[in-house]
Amino acid sequence: MGKARGRQSNVIGGAPAPDDVGNGGRRRPPLRLRTIVGVTSLMLAGPAFAQSGSYFLNYRGADGGCCSDSNGFDGRPAVQDVEQTVTGLNIRATGGPGIGVDVSGGNGGNSSDLSSLNHWGGNGGFGRIVDFVVRNSTVSSTTLGIYVLSKGGDGGLYGYRSKGYGSGADGHFARLTVDGTSVNAVDVGLSAQSIGGNGQRSAVPQFPDTDNERDAGNGGNAGQASVVMQGNSSVSVVGTNGAGVRAESLGGQGGFGDNESEWGGHTYSGRGGSADSASVNVSDGSITTSGQNMVGILARSVGGSGPKGVGPNVRASDGGNAGNVSIQNGASITTSGTNSIGIAAYSIGGNGGDGGAGTWSFGHDGGAGGAPGNITIQNDGAITTRGAGAMGIFASVVGGTGGSGGEAGASGSGGNGGAGGGTSGLAVDVANASDAAIRTSGNAAPGIVAHAVGGGGGSANASNGEMFIGGGSGGSGGEGGNLHALNSGVIATTGDQSGGMLVQSIGGGGGYGGDANATGVIFSVAMGGRGGPGGSGGHVSLEQMGDISTQGADASGIVLQSIGGGGGAGGTSTAAAVGVGLGGAVSHGGNGGGGGNGGDVFAMLYDGGTITTSGAMSSGLVAQSLGGGGGYGGFASSSQVTIAPDLGPEIPTATLSPHVTIGGMAKGGEMAAASVSMPPISSPRKARKATACSRKVSAAGAALGGVLPPRCEPRPLRRTVAGSTSVPAPPLAVQGATAGMAAW
């Protein structure tokens with residue numbers, strides 16, 4: 001059965017829905033929006049209808065069976081699409097969800113001979129479209145409150161991708177809308193999920209078999225997932241590791257590559273599936289959660305990963321990409337419990353798979369990490385959190401980590417580590433509006449934390465062999481993305497390590513170069529692998545025109561940072577040779593990877609805004625641009641044993657035995673500018689262009705650690721400062737690339 005890809009022109013309630021294309025490029029008929037029992041909505045007269053049990057619409061496709069020539073059948077797609085509105089329900093469910101809609105595909109059937117792995121399973125069936133609306137209802141459940149799910153089926157055991165077997169199928173568009181509805185639940189209140197199916201590990205051919213390369217199944221792609229909450233609805237949830245409102249788009253995992261041949265041949269692992277967008281739009285109402293690791297609003301887009309720890313002769317797969325995440329909140333959010341975050345948003349690329357070792361020669365490269373999307377958060381409501389680690393808003397964009405390279409065989413080089421996934425453009429844009437408030441009470445509970453982090457480069461494994469051995473290079477770290485934050489409302493924290501705002505762009509670290517160890521007869525060469533370069537930090541900008549206050553120790557009002565990733569260490573090398581009369585050994589340690597550069601950091605402080613801190617080690621504002629450290633150069637050693645032959649009494653005994661040993665080198669990253677600007681007093685509160693003072697620090701000056709003179713004097717504005725006092729602003733001292741403003 002074909003796999004769903006692409007987009008179509010159909011519009012469901014104003015939102016685009018994905019399209020599907022079958023195998024070989026054949027287009028599957030559009031997913032038509034069908035009704036339930038002949039109508040598009042179920043209208044009931046007010047919330048008088050009480051149902052003791054779940055309201056569940058199950059349109060999941062059937063699983064594939066066994067067998068055709070010992071191979072499993074494909075799973076069936078979901079039975080139909082669902083576009084439906086229900087009104088006036090009064091649900092009381094025990095032991096099951098209050099309301100659920102499942103339009104998932106069935107899993108592929110397994111092969112008949114699971115012990116020999118010589119046959120293969122079917123593909124999963126694709127999920128359908130679901131767009132479900134609940135109005136003017138009351139839902140109470142001892143588990144999940146209301147959910148919609150479109151999941152692609154998993155592939156059956158085992159994969160044979162070139163023949164179309166063992167791959168996970170795609171999930172599809174999934175949207176849940178609640179209007180004027182009250183929900184009480186355990187763990188999760190409202191949920192919309194689109195999930196790609198998982199690919200399966202590869203079949204292994206029996207010997208002899210001319211068609212001896214059977215690739216593992218790919219992970220399926222996910223579709224868009226969204227939740228809309230309006231009409232003064234309310235959600236109350238108790239539990240652990242859940243959320244009041246959840247929207248998730250999750251790519252499927254790639255299958256594990258297997259190749260048991262000791263004589264060569266190759267098998268590919270399955271790639272991770274890509275995710276689509278995830279969004280939550282809450283116009284009003286209330287969301288309340290209680291319990292550990294409970295989140296008020298959670299939106300995630302996560303790409304699927306390639307497999308780790310593969311065997312010899314397996315070629316790596318890349319991680320899937322993630323989509324964009326958006327949250328708009330106008331509700332009152334209250335959370336209570338450890339790590340109970342008010343709003344949490346994630347866009348995370350899938351990790352690249354590992355490359356396998358070479359049986360005789362070169363090892364295989366690791367797969368690249370997937371790229372993340374971007375995050376946009378607009379808060380217009382009141383967020384109150386209580387508990388350690390209970391941040392107000394947390395936004396995280398992270399590139400996937402590159403996979404490790406495989407070690408070399410008897411000669412050649414080890415595989416290179418895969419590159420980490422990089423972010424691009426405006427990775428995070430978060431705003432706390434003028435009528436909004438964020439209040440946290442607990443240690444390690446900042447008001448807003450936003451970061452964009454490039455994926456770490458994969459490392460190369462050590463290689464051991466004869467004559468000539470090279471260590472693989474570490475993968476490069478991904479670029480940190482650009483961030484923008486705006487606060488025109490209230491942010492108030494009371495705990496230690498609970499700053500007002502922390503905004504960071506961090507380049508991914510480079511992977512380690514592989515070690516190389518060579519032992520040869522007469523001659524040997526060992527070259528340690530180069531460490532991967534660190535990714536650069538992105539641009540960070542802030543507009544502050546609201547009121548920020550912190551009371552705990554080590555709780556700065558604002559911290560802005562752009563940090564280059566550290567370079568990976570170079571691989572060590574050891575060469576040893578044994579010869580008679582002639583011998584040589586060359587050992588060269590790998591160079592360390594260069595550190596990534598820090599990006600520009602800019603803060604605009606508007607008249608009328610305040611920053612108040614009262615705890616120890618709590619600055620008003622810190623702006624930093626830091627280059628990443630270079631990786632250590634690899635250690636090198638060489639040794640040899642040369643036996644002088646006996647050539648007779650008249651010929652002198654001699655040997656020729658040069659050996660060379662060279663260690664590796666490294667280079668650190670550079671810093672960019674950190675600057676702070678203040679508009680004139682007469683400028684409007686939301687003015688964006690006026691600049692009263694700017695500070696820039698060169699990389700050379702920062703490296704020397706000197707205090708650079710200001711380029712201009714700040715105006716004598718009166719600001720609220722650390723210790724809740726008000727004084728004229730002194731000239732801004734800049735050390736390194738840090739603009740530290742404990743008082744201004």
# chains A, B, ... in the order shown; residues from 1 in each chain; ligands from 1
$ residues_around --residues "segment 381-398 of chain A" --least-positions-apart "4" --cutoff "7 Å" --atoms "only C-alpha atoms" --output "PyMOL selection string"
chain A and resi 329-349+372+374+427+436-455
$ residues_around --residues "Lys163 of chain A" --least-positions-apart "5" --cutoff "10 Å" --atoms "only C-alpha atoms" --output "PyMOL selection string"
chain A and resi 120+214-215
$ residues_around --residues "Ser141 of chain A" --least-positions-apart "2" --cutoff "10 Å" --atoms "only C-alpha atoms" --output "list in words"
Ser52, Gly53, Ser54, Ile91, Arg92, Ala93, Thr94, Gly95, Gly96, Pro97, Gly98, Ile99, Val139, Thr143, Leu144, Gly145, Ile146, Val183, Asn184, Ala185, Val186, Gly189 and Val237 of chain A
$ atom_distance --atom1 "atom CA of Thr138 of chain A" --atom2 "atom CA of Val238 of chain A"
16.9 Å
$ residues_around --residues "Gly406 of chain A" --least-positions-apart "5" --cutoff "8 Å" --atoms "only C-alpha atoms" --output "list in words"
Pro312, Asp354, Gly355, Gly356, Ala357, Gly358, Gly363, His364, Asp365, Gly366, Gly414, Gly415, Asn416, Ala460 and Asn461 of chain A
$ atom_distance --atom1 "atom CA of Val302 of chain A" --atom2 "atom CA of His484 of chain A"
22.0 Å
$ select_by_dssp --residues "segment 163-321 of chain A" --states "strand (DSSP E or B)" --output "ChimeraX atom specification"
/A:165,174-179,182-195,202,225-230,234-250,267-268,278-282,286-290,295-302,314-315
$ closest_residue --among "A:Leu486, A:Leu114, A:Ala368, A:Ile491" --to "Leu542 of chain A" --atoms "only C-alpha atoms"
A:Leu486
$ residues_around --residues "Val282 of chain A" --least-positions-apart "5" --cutoff "10 Å" --atoms "only C-alpha atoms" --output "PDB file with all heavy atoms, in the first residue's frame"
ATOM      1  N   THR A 177     -10.987  20.743  18.336  1.00  0.00           N
ATOM      2  CA  THR A 177     -11.494  22.043  18.750  1.00  0.00           C
ATOM      3  C   THR A 177     -12.512  21.843  19.862  1.00  0.00           C
ATOM      4  O   THR A 177     -13.429  21.021  19.731  1.00  0.00           O
ATOM      5  CB  THR A 177     -12.165  22.778  17.575  1.00  0.00           C
ATOM      6  OG1 THR A 177     -11.222  22.946  16.516  1.00  0.00           O
ATOM      7  CG2 THR A 177     -12.671  24.148  18.012  1.00  0.00           C
ATOM      8  N   VAL A 178     -12.341  22.580  20.979  1.00  0.00           N
ATOM      9  CA  VAL A 178     -13.335  22.570  22.039  1.00  0.00           C
ATOM     10  C   VAL A 178     -13.845  23.993  22.228  1.00  0.00           C
ATOM     11  O   VAL A 178     -13.070  24.952  22.200  1.00  0.00           O
ATOM     12  CB  VAL A 178     -12.780  22.011  23.365  1.00  0.00           C
ATOM     13  CG1 VAL A 178     -12.421  20.550  23.219  1.00  0.00           C
ATOM     14  CG2 VAL A 178     -11.585  22.797  23.837  1.00  0.00           C
ATOM     15  N   VAL A 227      -4.598  21.985  18.336  1.00  0.00           N
ATOM     16  CA  VAL A 227      -5.707  22.071  19.289  1.00  0.00           C
ATOM     17  C   VAL A 227      -6.168  23.514  19.340  1.00  0.00           C
ATOM     18  O   VAL A 227      -5.344  24.445  19.448  1.00  0.00           O
ATOM     19  CB  VAL A 227      -5.290  21.602  20.698  1.00  0.00           C
ATOM     20  CG1 VAL A 227      -6.431  21.813  21.689  1.00  0.00           C
ATOM     21  CG2 VAL A 227      -4.872  20.139  20.684  1.00  0.00           C
ATOM     22  N   VAL A 228      -7.484  23.704  19.296  1.00  0.00           N
ATOM     23  CA  VAL A 228      -8.095  25.018  19.445  1.00  0.00           C
ATOM     24  C   VAL A 228      -9.026  24.961  20.642  1.00  0.00           C
ATOM     25  O   VAL A 228      -9.882  24.085  20.732  1.00  0.00           O
ATOM     26  CB  VAL A 228      -8.875  25.422  18.178  1.00  0.00           C
ATOM     27  CG1 VAL A 228      -9.547  26.775  18.379  1.00  0.00           C
ATOM     28  CG2 VAL A 228      -7.953  25.442  16.962  1.00  0.00           C
ATOM     29  N   MET A 229      -8.856  25.910  21.565  1.00  0.00           N
ATOM     30  CA  MET A 229      -9.679  25.963  22.777  1.00  0.00           C
ATOM     31  C   MET A 229     -10.271  27.363  22.876  1.00  0.00           C
ATOM     32  O   MET A 229      -9.535  28.352  22.923  1.00  0.00           O
ATOM     33  CB  MET A 229      -8.822  25.636  24.004  1.00  0.00           C
ATOM     34  CG  MET A 229      -9.521  25.710  25.331  1.00  0.00           C
ATOM     35  SD  MET A 229      -8.415  25.152  26.670  1.00  0.00           S
ATOM     36  CE  MET A 229      -9.183  25.955  28.090  1.00  0.00           C
ATOM     37  N   GLN A 230     -11.587  27.443  22.926  1.00  0.00           N
ATOM     38  CA  GLN A 230     -12.253  28.742  22.893  1.00  0.00           C
ATOM     39  C   GLN A 230     -13.568  28.679  23.656  1.00  0.00           C
ATOM     40  O   GLN A 230     -13.915  27.661  24.238  1.00  0.00           O
ATOM     41  CB  GLN A 230     -12.505  29.155  21.429  1.00  0.00           C
ATOM     42  CG  GLN A 230     -13.353  28.171  20.657  1.00  0.00           C
ATOM     43  CD  GLN A 230     -13.339  28.414  19.153  1.00  0.00           C
ATOM     44  OE1 GLN A 230     -12.419  29.009  18.612  1.00  0.00           O
ATOM     45  NE2 GLN A 230     -14.377  27.940  18.467  1.00  0.00           N
ATOM     46  N   GLY A 231     -14.291  29.806  23.647  1.00  0.00           N
ATOM     47  CA  GLY A 231     -15.603  29.848  24.295  1.00  0.00           C
ATOM     48  C   GLY A 231     -15.550  29.695  25.792  1.00  0.00           C
ATOM     49  O   GLY A 231     -16.455  29.109  26.392  1.00  0.00           O
ATOM     50  N   ASN A 232     -14.488  30.228  26.426  1.00  0.00           N
ATOM     51  CA  ASN A 232     -14.331  30.161  27.878  1.00  0.00           C
ATOM     52  C   ASN A 232     -14.358  28.725  28.392  1.00  0.00           C
ATOM     53  O   ASN A 232     -14.907  28.433  29.461  1.00  0.00           O
ATOM     54  CB  ASN A 232     -15.418  30.995  28.579  1.00  0.00           C
ATOM     55  CG  ASN A 232     -14.990  31.436  29.959  1.00  0.00           C
ATOM     56  OD1 ASN A 232     -13.810  31.685  30.207  1.00  0.00           O
ATOM     57  ND2 ASN A 232     -15.942  31.533  30.862  1.00  0.00           N
ATOM     58  N   SER A 233     -13.709  27.844  27.661  1.00  0.00           N
ATOM     59  CA  SER A 233     -13.603  26.450  28.095  1.00  0.00           C
ATOM     60  C   SER A 233     -12.636  26.341  29.266  1.00  0.00           C
ATOM     61  O   SER A 233     -11.800  27.218  29.500  1.00  0.00           O
ATOM     62  CB  SER A 233     -13.119  25.576  26.934  1.00  0.00           C
ATOM     63  OG  SER A 233     -14.036  25.570  25.870  1.00  0.00           O
ATOM     64  N   VAL A 245      -3.183  20.690  27.840  1.00  0.00           N
ATOM     65  CA  VAL A 245      -3.470  20.712  26.404  1.00  0.00           C
ATOM     66  C   VAL A 245      -2.213  20.254  25.678  1.00  0.00           C
ATOM     67  O   VAL A 245      -1.112  20.739  25.948  1.00  0.00           O
ATOM     68  CB  VAL A 245      -3.875  22.123  25.938  1.00  0.00           C
ATOM     69  CG1 VAL A 245      -4.097  22.138  24.437  1.00  0.00           C
ATOM     70  CG2 VAL A 245      -5.130  22.593  26.670  1.00  0.00           C
ATOM     71  N   ILE A 287      -6.728  26.754  32.331  1.00  0.00           N
ATOM     72  CA  ILE A 287      -6.055  25.456  32.290  1.00  0.00           C
ATOM     73  C   ILE A 287      -5.353  25.271  33.620  1.00  0.00           C
ATOM     74  O   ILE A 287      -4.548  26.124  34.029  1.00  0.00           O
ATOM     75  CB  ILE A 287      -5.030  25.389  31.146  1.00  0.00           C
ATOM     76  CG1 ILE A 287      -5.713  25.598  29.789  1.00  0.00           C
ATOM     77  CG2 ILE A 287      -4.282  24.057  31.163  1.00  0.00           C
ATOM     78  CD1 ILE A 287      -4.745  25.764  28.636  1.00  0.00           C
ATOM     79  N   ILE A 297       0.339  23.935  28.706  1.00  0.00           N
ATOM     80  CA  ILE A 297       0.212  23.758  27.253  1.00  0.00           C
ATOM     81  C   ILE A 297       1.511  23.170  26.727  1.00  0.00           C
ATOM     82  O   ILE A 297       2.593  23.706  26.969  1.00  0.00           O
ATOM     83  CB  ILE A 297      -0.074  25.097  26.545  1.00  0.00           C
ATOM     84  CG1 ILE A 297      -1.438  25.657  26.953  1.00  0.00           C
ATOM     85  CG2 ILE A 297      -0.022  24.924  25.029  1.00  0.00           C
ATOM     86  CD1 ILE A 297      -1.738  27.026  26.351  1.00  0.00           C
ATOM     87  N   ILE A 327       2.281  28.622  19.502  1.00  0.00           N
ATOM     88  CA  ILE A 327       1.347  28.640  20.642  1.00  0.00           C
ATOM     89  C   ILE A 327       0.869  30.069  20.836  1.00  0.00           C
ATOM     90  O   ILE A 327       1.685  30.992  20.940  1.00  0.00           O
ATOM     91  CB  ILE A 327       2.005  28.130  21.931  1.00  0.00           C
ATOM     92  CG1 ILE A 327       2.445  26.670  21.786  1.00  0.00           C
ATOM     93  CG2 ILE A 327       1.050  28.276  23.119  1.00  0.00           C
ATOM     94  CD1 ILE A 327       3.197  26.133  22.995  1.00  0.00           C
ATOM     95  N   GLN A 328      -0.429  30.237  20.901  1.00  0.00           N
ATOM     96  CA  GLN A 328      -1.018  31.525  21.247  1.00  0.00           C
ATOM     97  C   GLN A 328      -1.953  31.294  22.427  1.00  0.00           C
ATOM     98  O   GLN A 328      -2.899  30.515  22.336  1.00  0.00           O
ATOM     99  CB  GLN A 328      -1.768  32.131  20.067  1.00  0.00           C
ATOM    100  CG  GLN A 328      -2.292  33.527  20.351  1.00  0.00           C
ATOM    101  CD  GLN A 328      -2.673  34.284  19.095  1.00  0.00           C
ATOM    102  OE1 GLN A 328      -2.399  33.835  17.989  1.00  0.00           O
ATOM    103  NE2 GLN A 328      -3.300  35.435  19.267  1.00  0.00           N
ATOM    104  N   ASN A 329      -1.665  31.972  23.537  1.00  0.00           N
ATOM    105  CA  ASN A 329      -2.412  31.722  24.763  1.00  0.00           C
ATOM    106  C   ASN A 329      -3.070  32.986  25.294  1.00  0.00           C
ATOM    107  O   ASN A 329      -2.416  34.007  25.490  1.00  0.00           O
ATOM    108  CB  ASN A 329      -1.490  31.167  25.857  1.00  0.00           C
ATOM    109  CG  ASN A 329      -2.229  31.016  27.176  1.00  0.00           C
ATOM    110  OD1 ASN A 329      -3.250  30.333  27.225  1.00  0.00           O
ATOM    111  ND2 ASN A 329      -1.755  31.669  28.225  1.00  0.00           N
ATOM    112  N   GLY A 330      -4.366  32.881  25.548  1.00  0.00           N
ATOM    113  CA  GLY A 330      -5.098  33.948  26.215  1.00  0.00           C
ATOM    114  C   GLY A 330      -5.790  33.470  27.471  1.00  0.00           C
ATOM    115  O   GLY A 330      -6.596  34.199  28.063  1.00  0.00           O
ATOM    116  N   ALA A 331      -5.487  32.244  27.904  1.00  0.00           N
ATOM    117  CA  ALA A 331      -6.137  31.655  29.073  1.00  0.00           C
ATOM    118  C   ALA A 331      -5.339  31.926  30.334  1.00  0.00           C
ATOM    119  O   ALA A 331      -4.180  32.330  30.303  1.00  0.00           O
ATOM    120  CB  ALA A 331      -6.304  30.149  28.882  1.00  0.00           C
ATOM    121  N   SER A 332      -5.968  31.655  31.457  1.00  0.00           N
ATOM    122  CA  SER A 332      -5.282  31.625  32.748  1.00  0.00           C
ATOM    123  C   SER A 332      -4.728  30.212  32.944  1.00  0.00           C
ATOM    124  O   SER A 332      -5.486  29.238  32.930  1.00  0.00           O
ATOM    125  CB  SER A 332      -6.257  31.977  33.870  1.00  0.00           C
ATOM    126  OG  SER A 332      -5.677  31.753  35.131  1.00  0.00           O
ATOM    127  N   ASN A 379       2.013  35.112  24.436  1.00  0.00           N
ATOM    128  CA  ASN A 379       1.246  34.946  25.662  1.00  0.00           C
ATOM    129  C   ASN A 379       0.499  36.221  25.990  1.00  0.00           C
ATOM    130  O   ASN A 379       1.096  37.279  26.206  1.00  0.00           O
ATOM    131  CB  ASN A 379       2.158  34.579  26.840  1.00  0.00           C
ATOM    132  CG  ASN A 379       1.367  34.421  28.135  1.00  0.00           C
ATOM    133  OD1 ASN A 379       0.347  33.740  28.142  1.00  0.00           O
ATOM    134  ND2 ASN A 379       1.811  35.052  29.198  1.00  0.00           N
ATOM    135  N   ASP A 380      -0.830  36.115  26.054  1.00  0.00           N
ATOM    136  CA  ASP A 380      -1.687  37.223  26.449  1.00  0.00           C
ATOM    137  C   ASP A 380      -2.433  36.913  27.743  1.00  0.00           C
ATOM    138  O   ASP A 380      -3.314  37.690  28.132  1.00  0.00           O
ATOM    139  CB  ASP A 380      -2.704  37.523  25.338  1.00  0.00           C
ATOM    140  CG  ASP A 380      -2.048  37.992  24.062  1.00  0.00           C
ATOM    141  OD1 ASP A 380      -1.494  39.103  24.054  1.00  0.00           O
ATOM    142  OD2 ASP A 380      -2.078  37.239  23.071  1.00  0.00           O
ATOM    143  N   GLY A 381      -2.104  35.811  28.384  1.00  0.00           N
ATOM    144  CA  GLY A 381      -2.816  35.401  29.581  1.00  0.00           C
ATOM    145  C   GLY A 381      -1.964  35.488  30.828  1.00  0.00           C
ATOM    146  O   GLY A 381      -0.841  35.999  30.820  1.00  0.00           O
TER     147      GLY A 381
END
$ residues_around --residues "Leu250 of chain A" --least-positions-apart "2" --cutoff "12 Å" --atoms "only C-alpha atoms" --output "ChimeraX atom specification"
/A:149-152,170-172,192-198,219-225,247-248,252-253,272-278,299-305,320-323,346-350
$ atom_distance --atom1 "atom CA of Ser488 of chain A" --atom2 "atom CA of Ala431 of chain A"
8.0 Å
